[in-house]
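**Student:** Starting off with a structure, shown below.
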Amino acid sequence: MTHSFALHIPDADLESDPLDPAQIVAGNPEVTAKVLWESPDGRQIRGIWQITPGVVTDTEADELFVVISGSATIEVEGGPTLTVGPGDMGVLRAGDRTTWTVHETLRKAYAISL
């Protein structure tokens with residue numbers, strides 16, 4: 001999108017964004033997502049991301065997110081364990097190695113800096 005906009009996040013249509021099978025620890029989690037805006041240099045990304053229940057690992061980028069629905073526990077290797085649900089904001093640092101235990105399908109709006 002090239003201009004200002006507003007979007008009702010709970011109703012936004014998302015597209016399949018398959019996980020790398022090596023990231024899946026337990027269950028059969030599925031990811032859908034939609035990039036809403038990306039800077040011309042590709043270093044800033046804004047979007048919506050959703051994951052169904054299960055356990056996955058990831059290596060994070062600098063990210064600020066707000067949970068719209070669902071819940072998860074995010075274990076940061078060598079750091080805190082974050083419990084997030086609707087209305088919670090989270091901040092992850094580039095390089096954080098995380099394990100996400102998704103209890104209820106989680107939908108979040110995010111802003112990533114690469």
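Each chain of the structure tokens is named A, B, ... in the order shown, its residues numbered from 1; ligands are numbered from 1 in display order.
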Determine, counting only C-alpha atoms, which protein, DNA and RNA residues have an atom within 7 Å of an atom of region 47-59 of chain A; residues of the same chain fewer than 5 positions away are not included. Present the result as a PyMOL selection string.
**Tutor:** chain A and resi 23-37+95-111
**Student:** Using backbone DSSP assignments, extract all strand (DSSP E) residues from chain A; output them as a PDB file with N, CA, C and O atoms, in the first residue's frame.
**Tutor:**
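selection_26.pdb, written as the output of this step:
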ATOM      1  N   GLU A  15      -3.061 -14.945   4.109  1.00  0.00           N
ATOM      2  CA  GLU A  15      -2.634 -15.964   3.147  1.00  0.00           C
ATOM      3  C   GLU A  15      -1.715 -16.958   3.831  1.00  0.00           C
ATOM      4  O   GLU A  15      -0.983 -16.616   4.766  1.00  0.00           O
ATOM      5  N   SER A  16      -1.719 -18.192   3.345  1.00  0.00           N
ATOM      6  CA  SER A  16      -0.865 -19.237   3.905  1.00  0.00           C
ATOM      7  C   SER A  16       0.597 -18.808   3.855  1.00  0.00           C
ATOM      8  O   SER A  16       1.066 -18.242   2.871  1.00  0.00           O
ATOM      9  N   ILE A  24       8.944 -26.721  13.799  1.00  0.00           N
ATOM     10  CA  ILE A  24       7.825 -27.306  14.534  1.00  0.00           C
ATOM     11  C   ILE A  24       8.343 -28.292  15.576  1.00  0.00           C
ATOM     12  O   ILE A  24       9.023 -29.259  15.254  1.00  0.00           O
ATOM     13  N   VAL A  25       7.999 -28.025  16.839  1.00  0.00           N
ATOM     14  CA  VAL A  25       8.403 -28.863  17.962  1.00  0.00           C
ATOM     15  C   VAL A  25       7.286 -29.834  18.329  1.00  0.00           C
ATOM     16  O   VAL A  25       7.530 -31.000  18.640  1.00  0.00           O
ATOM     17  N   ALA A  26       6.031 -29.355  18.298  1.00  0.00           N
ATOM     18  CA  ALA A  26       4.889 -30.194  18.670  1.00  0.00           C
ATOM     19  C   ALA A  26       3.634 -29.695  17.968  1.00  0.00           C
ATOM     20  O   ALA A  26       3.498 -28.502  17.682  1.00  0.00           O
ATOM     21  N   VAL A  31       0.515 -21.320   9.861  1.00  0.00           N
ATOM     22  CA  VAL A  31       0.686 -19.870   9.887  1.00  0.00           C
ATOM     23  C   VAL A  31       0.026 -19.257   8.656  1.00  0.00           C
ATOM     24  O   VAL A  31       0.152 -19.775   7.541  1.00  0.00           O
ATOM     25  N   THR A  32      -0.681 -18.145   8.899  1.00  0.00           N
ATOM     26  CA  THR A  32      -1.178 -17.297   7.823  1.00  0.00           C
ATOM     27  C   THR A  32      -0.721 -15.884   8.139  1.00  0.00           C
ATOM     28  O   THR A  32      -0.475 -15.538   9.300  1.00  0.00           O
ATOM     29  N   ALA A  33      -0.590 -15.069   7.106  1.00  0.00           N
ATOM     30  CA  ALA A  33      -0.047 -13.728   7.321  1.00  0.00           C
ATOM     31  C   ALA A  33      -0.409 -12.819   6.160  1.00  0.00           C
ATOM     32  O   ALA A  33      -0.870 -13.277   5.104  1.00  0.00           O
ATOM     33  N   LYS A  34      -0.170 -11.527   6.383  1.00  0.00           N
ATOM     34  CA  LYS A  34      -0.328 -10.550   5.313  1.00  0.00           C
ATOM     35  C   LYS A  34       0.574  -9.368   5.612  1.00  0.00           C
ATOM     36  O   LYS A  34       0.487  -8.776   6.689  1.00  0.00           O
ATOM     37  N   VAL A  35       1.462  -9.046   4.687  1.00  0.00           N
ATOM     38  CA  VAL A  35       2.271  -7.834   4.794  1.00  0.00           C
ATOM     39  C   VAL A  35       1.400  -6.690   4.295  1.00  0.00           C
ATOM     40  O   VAL A  35       0.881  -6.740   3.176  1.00  0.00           O
ATOM     41  N   LEU A  36       1.229  -5.674   5.143  1.00  0.00           N
ATOM     42  CA  LEU A  36       0.399  -4.527   4.789  1.00  0.00           C
ATOM     43  C   LEU A  36       1.212  -3.370   4.231  1.00  0.00           C
ATOM     44  O   LEU A  36       0.705  -2.555   3.468  1.00  0.00           O
ATOM     45  N   TRP A  37       2.474  -3.279   4.642  1.00  0.00           N
ATOM     46  CA  TRP A  37       3.348  -2.207   4.183  1.00  0.00           C
ATOM     47  C   TRP A  37       4.791  -2.645   4.335  1.00  0.00           C
ATOM     48  O   TRP A  37       5.149  -3.316   5.302  1.00  0.00           O
ATOM     49  N   GLU A  38       5.613  -2.286   3.371  1.00  0.00           N
ATOM     50  CA  GLU A  38       7.051  -2.547   3.439  1.00  0.00           C
ATOM     51  C   GLU A  38       7.776  -1.328   2.897  1.00  0.00           C
ATOM     52  O   GLU A  38       7.371  -0.771   1.864  1.00  0.00           O
ATOM     53  N   GLN A  44      11.794  -2.209   6.867  1.00  0.00           N
ATOM     54  CA  GLN A  44      10.664  -1.982   7.769  1.00  0.00           C
ATOM     55  C   GLN A  44       9.454  -2.722   7.193  1.00  0.00           C
ATOM     56  O   GLN A  44       9.112  -2.511   6.024  1.00  0.00           O
ATOM     57  N   ILE A  45       8.810  -3.538   8.014  1.00  0.00           N
ATOM     58  CA  ILE A  45       7.671  -4.321   7.553  1.00  0.00           C
ATOM     59  C   ILE A  45       6.557  -4.206   8.586  1.00  0.00           C
ATOM     60  O   ILE A  45       6.813  -4.311   9.794  1.00  0.00           O
ATOM     61  N   ARG A  46       5.336  -4.001   8.114  1.00  0.00           N
ATOM     62  CA  ARG A  46       4.160  -3.928   8.971  1.00  0.00           C
ATOM     63  C   ARG A  46       3.151  -4.947   8.458  1.00  0.00           C
ATOM     64  O   ARG A  46       2.933  -5.045   7.255  1.00  0.00           O
ATOM     65  N   GLY A  47       2.537  -5.694   9.376  1.00  0.00           N
ATOM     66  CA  GLY A  47       1.588  -6.677   8.900  1.00  0.00           C
ATOM     67  C   GLY A  47       0.808  -7.360  10.004  1.00  0.00           C
ATOM     68  O   GLY A  47       0.790  -6.918  11.155  1.00  0.00           O
ATOM     69  N   ILE A  48       0.160  -8.447   9.601  1.00  0.00           N
ATOM     70  CA  ILE A  48      -0.651  -9.276  10.489  1.00  0.00           C
ATOM     71  C   ILE A  48      -0.138 -10.708  10.348  1.00  0.00           C
ATOM     72  O   ILE A  48       0.174 -11.159   9.242  1.00  0.00           O
ATOM     73  N   TRP A  49      -0.077 -11.415  11.471  1.00  0.00           N
ATOM     74  CA  TRP A  49       0.444 -12.790  11.500  1.00  0.00           C
ATOM     75  C   TRP A  49      -0.455 -13.609  12.412  1.00  0.00           C
ATOM     76  O   TRP A  49      -0.891 -13.119  13.457  1.00  0.00           O
ATOM     77  N   GLN A  50      -0.742 -14.836  12.005  1.00  0.00           N
ATOM     78  CA  GLN A  50      -1.593 -15.712  12.810  1.00  0.00           C
ATOM     79  C   GLN A  50      -1.005 -17.122  12.822  1.00  0.00           C
ATOM     80  O   GLN A  50      -0.487 -17.583  11.801  1.00  0.00           O
ATOM     81  N   ILE A  51      -1.123 -17.801  13.971  1.00  0.00           N
ATOM     82  CA  ILE A  51      -0.638 -19.172  14.108  1.00  0.00           C
ATOM     83  C   ILE A  51      -1.641 -19.971  14.929  1.00  0.00           C
ATOM     84  O   ILE A  51      -2.163 -19.481  15.929  1.00  0.00           O
ATOM     85  N   GLY A  54       0.121 -25.095  18.841  1.00  0.00           N
ATOM     86  CA  GLY A  54       1.276 -25.966  18.675  1.00  0.00           C
ATOM     87  C   GLY A  54       2.488 -25.301  19.301  1.00  0.00           C
ATOM     88  O   GLY A  54       2.368 -24.260  19.957  1.00  0.00           O
ATOM     89  N   VAL A  55       3.653 -25.902  19.082  1.00  0.00           N
ATOM     90  CA  VAL A  55       4.904 -25.363  19.625  1.00  0.00           C
ATOM     91  C   VAL A  55       5.899 -25.217  18.474  1.00  0.00           C
ATOM     92  O   VAL A  55       6.139 -26.180  17.734  1.00  0.00           O
ATOM     93  N   VAL A  56       6.458 -24.005  18.336  1.00  0.00           N
ATOM     94  CA  VAL A  56       7.421 -23.724  17.271  1.00  0.00           C
ATOM     95  C   VAL A  56       8.600 -22.926  17.824  1.00  0.00           C
ATOM     96  O   VAL A  56       8.483 -22.259  18.849  1.00  0.00           O
ATOM     97  N   THR A  57       9.725 -22.993  17.124  1.00  0.00           N
ATOM     98  CA  THR A  57      10.893 -22.193  17.469  1.00  0.00           C
ATOM     99  C   THR A  57      11.110 -21.143  16.388  1.00  0.00           C
ATOM    100  O   THR A  57      10.652 -21.297  15.249  1.00  0.00           O
ATOM    101  N   ASP A  58      11.828 -20.087  16.758  1.00  0.00           N
ATOM    102  CA  ASP A  58      12.120 -19.033  15.793  1.00  0.00           C
ATOM    103  C   ASP A  58      13.343 -18.261  16.257  1.00  0.00           C
ATOM    104  O   ASP A  58      13.704 -18.289  17.436  1.00  0.00           O
ATOM    105  N   THR A  59      13.973 -17.563  15.324  1.00  0.00           N
ATOM    106  CA  THR A  59      14.989 -16.568  15.633  1.00  0.00           C
ATOM    107  C   THR A  59      14.399 -15.248  15.191  1.00  0.00           C
ATOM    108  O   THR A  59      14.030 -15.086  14.020  1.00  0.00           O
ATOM    109  N   ASP A  62      14.017  -7.517  15.165  1.00  0.00           N
ATOM    110  CA  ASP A  62      13.503  -6.478  16.063  1.00  0.00           C
ATOM    111  C   ASP A  62      12.025  -6.314  15.739  1.00  0.00           C
ATOM    112  O   ASP A  62      11.660  -5.974  14.604  1.00  0.00           O
ATOM    113  N   GLU A  63      11.173  -6.582  16.732  1.00  0.00           N
ATOM    114  CA  GLU A  63       9.735  -6.570  16.480  1.00  0.00           C
ATOM    115  C   GLU A  63       8.964  -6.003  17.658  1.00  0.00           C
ATOM    116  O   GLU A  63       9.259  -6.301  18.809  1.00  0.00           O
ATOM    117  N   LEU A  64       7.969  -5.212  17.327  1.00  0.00           N
ATOM    118  CA  LEU A  64       6.959  -4.768  18.272  1.00  0.00           C
ATOM    119  C   LEU A  64       5.649  -5.364  17.765  1.00  0.00           C
ATOM    120  O   LEU A  64       5.362  -5.278  16.563  1.00  0.00           O
ATOM    121  N   PHE A  65       4.888  -6.021  18.652  1.00  0.00           N
ATOM    122  CA  PHE A  65       3.619  -6.599  18.217  1.00  0.00           C
ATOM    123  C   PHE A  65       2.541  -6.383  19.264  1.00  0.00           C
ATOM    124  O   PHE A  65       2.829  -6.164  20.436  1.00  0.00           O
ATOM    125  N   VAL A  66       1.291  -6.446  18.807  1.00  0.00           N
ATOM    126  CA  VAL A  66       0.132  -6.378  19.680  1.00  0.00           C
ATOM    127  C   VAL A  66      -0.741  -7.579  19.361  1.00  0.00           C
ATOM    128  O   VAL A  66      -1.086  -7.811  18.191  1.00  0.00           O
ATOM    129  N   VAL A  67      -1.073  -8.350  20.394  1.00  0.00           N
ATOM    130  CA  VAL A  67      -1.926  -9.526  20.216  1.00  0.00           C
ATOM    131  C   VAL A  67      -3.373  -9.054  20.088  1.00  0.00           C
ATOM    132  O   VAL A  67      -3.873  -8.303  20.928  1.00  0.00           O
ATOM    133  N   ILE A  68      -4.027  -9.527  19.049  1.00  0.00           N
ATOM    134  CA  ILE A  68      -5.423  -9.180  18.789  1.00  0.00           C
ATOM    135  C   ILE A  68      -6.340 -10.240  19.389  1.00  0.00           C
ATOM    136  O   ILE A  68      -7.363  -9.930  19.984  1.00  0.00           O
ATOM    137  N   SER A  69      -5.960 -11.515  19.222  1.00  0.00           N
ATOM    138  CA  SER A  69      -6.757 -12.620  19.755  1.00  0.00           C
ATOM    139  C   SER A  69      -5.848 -13.814  20.000  1.00  0.00           C
ATOM    140  O   SER A  69      -4.757 -13.908  19.442  1.00  0.00           O
ATOM    141  N   GLY A  70      -6.326 -14.730  20.859  1.00  0.00           N
ATOM    142  CA  GLY A  70      -5.570 -15.940  21.159  1.00  0.00           C
ATOM    143  C   GLY A  70      -4.584 -15.739  22.287  1.00  0.00           C
ATOM    144  O   GLY A  70      -4.544 -14.684  22.925  1.00  0.00           O
ATOM    145  N   SER A  71      -3.782 -16.783  22.528  1.00  0.00           N
ATOM    146  CA  SER A  71      -2.808 -16.699  23.617  1.00  0.00           C
ATOM    147  C   SER A  71      -1.624 -17.612  23.343  1.00  0.00           C
ATOM    148  O   SER A  71      -1.741 -18.619  22.640  1.00  0.00           O
ATOM    149  N   ALA A  72      -0.492 -17.226  23.922  1.00  0.00           N
ATOM    150  CA  ALA A  72       0.741 -18.003  23.771  1.00  0.00           C
ATOM    151  C   ALA A  72       1.688 -17.698  24.914  1.00  0.00           C
ATOM    152  O   ALA A  72       1.592 -16.664  25.568  1.00  0.00           O
ATOM    153  N   THR A  73       2.618 -18.620  25.121  1.00  0.00           N
ATOM    154  CA  THR A  73       3.748 -18.421  26.011  1.00  0.00           C
ATOM    155  C   THR A  73       4.983 -18.401  25.123  1.00  0.00           C
ATOM    156  O   THR A  73       5.161 -19.304  24.298  1.00  0.00           O
ATOM    157  N   ILE A  74       5.802 -17.371  25.260  1.00  0.00           N
ATOM    158  CA  ILE A  74       7.007 -17.229  24.445  1.00  0.00           C
ATOM    159  C   ILE A  74       8.207 -17.310  25.371  1.00  0.00           C
ATOM    160  O   ILE A  74       8.414 -16.431  26.213  1.00  0.00           O
ATOM    161  N   GLU A  75       8.988 -18.376  25.230  1.00  0.00           N
ATOM    162  CA  GLU A  75      10.206 -18.520  26.019  1.00  0.00           C
ATOM    163  C   GLU A  75      11.363 -17.947  25.222  1.00  0.00           C
ATOM    164  O   GLU A  75      11.624 -18.381  24.103  1.00  0.00           O
ATOM    165  N   VAL A  76      12.044 -16.964  25.795  1.00  0.00           N
ATOM    166  CA  VAL A  76      13.206 -16.354  25.160  1.00  0.00           C
ATOM    167  C   VAL A  76      14.441 -17.024  25.752  1.00  0.00           C
ATOM    168  O   VAL A  76      14.667 -16.954  26.969  1.00  0.00           O
ATOM    169  N   THR A  81      10.265 -15.423  30.105  1.00  0.00           N
ATOM    170  CA  THR A  81       9.145 -16.134  29.494  1.00  0.00           C
ATOM    171  C   THR A  81       7.983 -15.154  29.482  1.00  0.00           C
ATOM    172  O   THR A  81       7.612 -14.607  30.523  1.00  0.00           O
ATOM    173  N   LEU A  82       7.450 -14.904  28.296  1.00  0.00           N
ATOM    174  CA  LEU A  82       6.377 -13.931  28.115  1.00  0.00           C
ATOM    175  C   LEU A  82       5.056 -14.662  27.930  1.00  0.00           C
ATOM    176  O   LEU A  82       4.982 -15.598  27.124  1.00  0.00           O
ATOM    177  N   THR A  83       4.034 -14.264  28.643  1.00  0.00           N
ATOM    178  CA  THR A  83       2.697 -14.803  28.458  1.00  0.00           C
ATOM    179  C   THR A  83       1.872 -13.698  27.826  1.00  0.00           C
ATOM    180  O   THR A  83       1.762 -12.602  28.394  1.00  0.00           O
ATOM    181  N   VAL A  84       1.320 -13.950  26.627  1.00  0.00           N
ATOM    182  CA  VAL A  84       0.606 -12.898  25.902  1.00  0.00           C
ATOM    183  C   VAL A  84      -0.796 -13.348  25.511  1.00  0.00           C
ATOM    184  O   VAL A  84      -1.045 -14.525  25.248  1.00  0.00           O
ATOM    185  N   MET A  89       1.043  -6.102  24.385  1.00  0.00           N
ATOM    186  CA  MET A  89       2.099  -5.694  23.471  1.00  0.00           C
ATOM    187  C   MET A  89       3.362  -6.443  23.854  1.00  0.00           C
ATOM    188  O   MET A  89       3.637  -6.633  25.035  1.00  0.00           O
ATOM    189  N   GLY A  90       4.114  -6.882  22.862  1.00  0.00           N
ATOM    190  CA  GLY A  90       5.383  -7.550  23.108  1.00  0.00           C
ATOM    191  C   GLY A  90       6.485  -6.917  22.276  1.00  0.00           C
ATOM    192  O   GLY A  90       6.229  -6.335  21.228  1.00  0.00           O
ATOM    193  N   VAL A  91       7.701  -7.015  22.783  1.00  0.00           N
ATOM    194  CA  VAL A  91       8.876  -6.528  22.068  1.00  0.00           C
ATOM    195  C   VAL A  91       9.895  -7.657  22.053  1.00  0.00           C
ATOM    196  O   VAL A  91      10.215  -8.224  23.106  1.00  0.00           O
ATOM    197  N   LEU A  92      10.375  -7.995  20.863  1.00  0.00           N
ATOM    198  CA  LEU A  92      11.413  -9.015  20.699  1.00  0.00           C
ATOM    199  C   LEU A  92      12.624  -8.358  20.052  1.00  0.00           C
ATOM    200  O   LEU A  92      12.479  -7.458  19.218  1.00  0.00           O
ATOM    201  N   ARG A  97      16.336 -16.105  20.341  1.00  0.00           N
ATOM    202  CA  ARG A  97      15.891 -17.451  19.956  1.00  0.00           C
ATOM    203  C   ARG A  97      14.710 -17.766  20.862  1.00  0.00           C
ATOM    204  O   ARG A  97      14.832 -17.706  22.080  1.00  0.00           O
ATOM    205  N   THR A  98      13.571 -18.047  20.251  1.00  0.00           N
ATOM    206  CA  THR A  98      12.339 -18.203  21.003  1.00  0.00           C
ATOM    207  C   THR A  98      11.674 -19.546  20.752  1.00  0.00           C
ATOM    208  O   THR A  98      11.873 -20.168  19.708  1.00  0.00           O
ATOM    209  N   THR A  99      10.882 -19.960  21.740  1.00  0.00           N
ATOM    210  CA  THR A  99       9.990 -21.104  21.596  1.00  0.00           C
ATOM    211  C   THR A  99       8.593 -20.594  21.923  1.00  0.00           C
ATOM    212  O   THR A  99       8.350 -20.089  23.017  1.00  0.00           O
ATOM    213  N   TRP A 100       7.701 -20.693  20.945  1.00  0.00           N
ATOM    214  CA  TRP A 100       6.323 -20.242  21.079  1.00  0.00           C
ATOM    215  C   TRP A 100       5.440 -21.455  21.363  1.00  0.00           C
ATOM    216  O   TRP A 100       5.374 -22.371  20.547  1.00  0.00           O
ATOM    217  N   THR A 101       4.759 -21.455  22.504  1.00  0.00           N
ATOM    218  CA  THR A 101       3.729 -22.445  22.799  1.00  0.00           C
ATOM    219  C   THR A 101       2.400 -21.728  22.625  1.00  0.00           C
ATOM    220  O   THR A 101       2.034 -20.871  23.450  1.00  0.00           O
ATOM    221  N   VAL A 102       1.713 -22.045  21.543  1.00  0.00           N
ATOM    222  CA  VAL A 102       0.462 -21.360  21.208  1.00  0.00           C
ATOM    223  C   VAL A 102      -0.690 -22.175  21.794  1.00  0.00           C
ATOM    224  O   VAL A 102      -0.898 -23.326  21.410  1.00  0.00           O
ATOM    225  N   HIS A 103      -1.426 -21.555  22.725  1.00  0.00           N
ATOM    226  CA  HIS A 103      -2.523 -22.226  23.417  1.00  0.00           C
ATOM    227  C   HIS A 103      -3.834 -22.113  22.645  1.00  0.00           C
ATOM    228  O   HIS A 103      -4.589 -23.080  22.569  1.00  0.00           O
ATOM    229  N   GLU A 104      -4.118 -20.927  22.102  1.00  0.00           N
ATOM    230  CA  GLU A 104      -5.287 -20.653  21.274  1.00  0.00           C
ATOM    231  C   GLU A 104      -4.778 -19.919  20.042  1.00  0.00           C
ATOM    232  O   GLU A 104      -3.843 -19.122  20.153  1.00  0.00           O
ATOM    233  N   THR A 105      -5.390 -20.153  18.892  1.00  0.00           N
ATOM    234  CA  THR A 105      -4.959 -19.480  17.670  1.00  0.00           C
ATOM    235  C   THR A 105      -4.693 -18.010  17.964  1.00  0.00           C
ATOM    236  O   THR A 105      -5.563 -17.298  18.462  1.00  0.00           O
ATOM    237  N   LEU A 106      -3.471 -17.589  17.684  1.00  0.00           N
ATOM    238  CA  LEU A 106      -3.004 -16.248  18.020  1.00  0.00           C
ATOM    239  C   LEU A 106      -2.907 -15.396  16.762  1.00  0.00           C
ATOM    240  O   LEU A 106      -2.334 -15.837  15.765  1.00  0.00           O
ATOM    241  N   ARG A 107      -3.494 -14.200  16.823  1.00  0.00           N
ATOM    242  CA  ARG A 107      -3.384 -13.226  15.732  1.00  0.00           C
ATOM    243  C   ARG A 107      -2.749 -11.974  16.311  1.00  0.00           C
ATOM    244  O   ARG A 107      -3.165 -11.488  17.354  1.00  0.00           O
ATOM    245  N   LYS A 108      -1.733 -11.460  15.611  1.00  0.00           N
ATOM    246  CA  LYS A 108      -1.053 -10.255  16.086  1.00  0.00           C
ATOM    247  C   LYS A 108      -0.817  -9.299  14.918  1.00  0.00           C
ATOM    248  O   LYS A 108      -0.696  -9.721  13.765  1.00  0.00           O
ATOM    249  N   ALA A 109      -0.766  -8.021  15.251  1.00  0.00           N
ATOM    250  CA  ALA A 109      -0.303  -6.991  14.331  1.00  0.00           C
ATOM    251  C   ALA A 109       1.142  -6.699  14.711  1.00  0.00           C
ATOM    252  O   ALA A 109       1.475  -6.666  15.896  1.00  0.00           O
ATOM    253  N   TYR A 110       1.999  -6.532  13.712  1.00  0.00           N
ATOM    254  CA  TYR A 110       3.418  -6.370  14.021  1.00  0.00           C
ATOM    255  C   TYR A 110       4.077  -5.269  13.203  1.00  0.00           C
ATOM    256  O   TYR A 110       3.608  -4.898  12.132  1.00  0.00           O
ATOM    257  N   ALA A 111       5.197  -4.805  13.756  1.00  0.00           N
ATOM    258  CA  ALA A 111       6.103  -3.891  13.059  1.00  0.00           C
ATOM    259  C   ALA A 111       7.504  -4.463  13.264  1.00  0.00           C
ATOM    260  O   ALA A 111       7.955  -4.612  14.396  1.00  0.00           O
ATOM    261  N   ILE A 112       8.162  -4.796  12.156  1.00  0.00           N
ATOM    262  CA  ILE A 112       9.495  -5.403  12.201  1.00  0.00           C
ATOM    263  C   ILE A 112      10.506  -4.447  11.587  1.00  0.00           C
ATOM    264  O   ILE A 112      10.227  -3.808  10.566  1.00  0.00           O
ATOM    265  N   SER A 113      11.672  -4.366  12.229  1.00  0.00           N
ATOM    266  CA  SER A 113      12.803  -3.613  11.685  1.00  0.00           C
ATOM    267  C   SER A 113      13.930  -4.600  11.429  1.00  0.00           C
ATOM    268  O   SER A 113      14.319  -5.348  12.319  1.00  0.00           O
TER     269      SER A 113
END
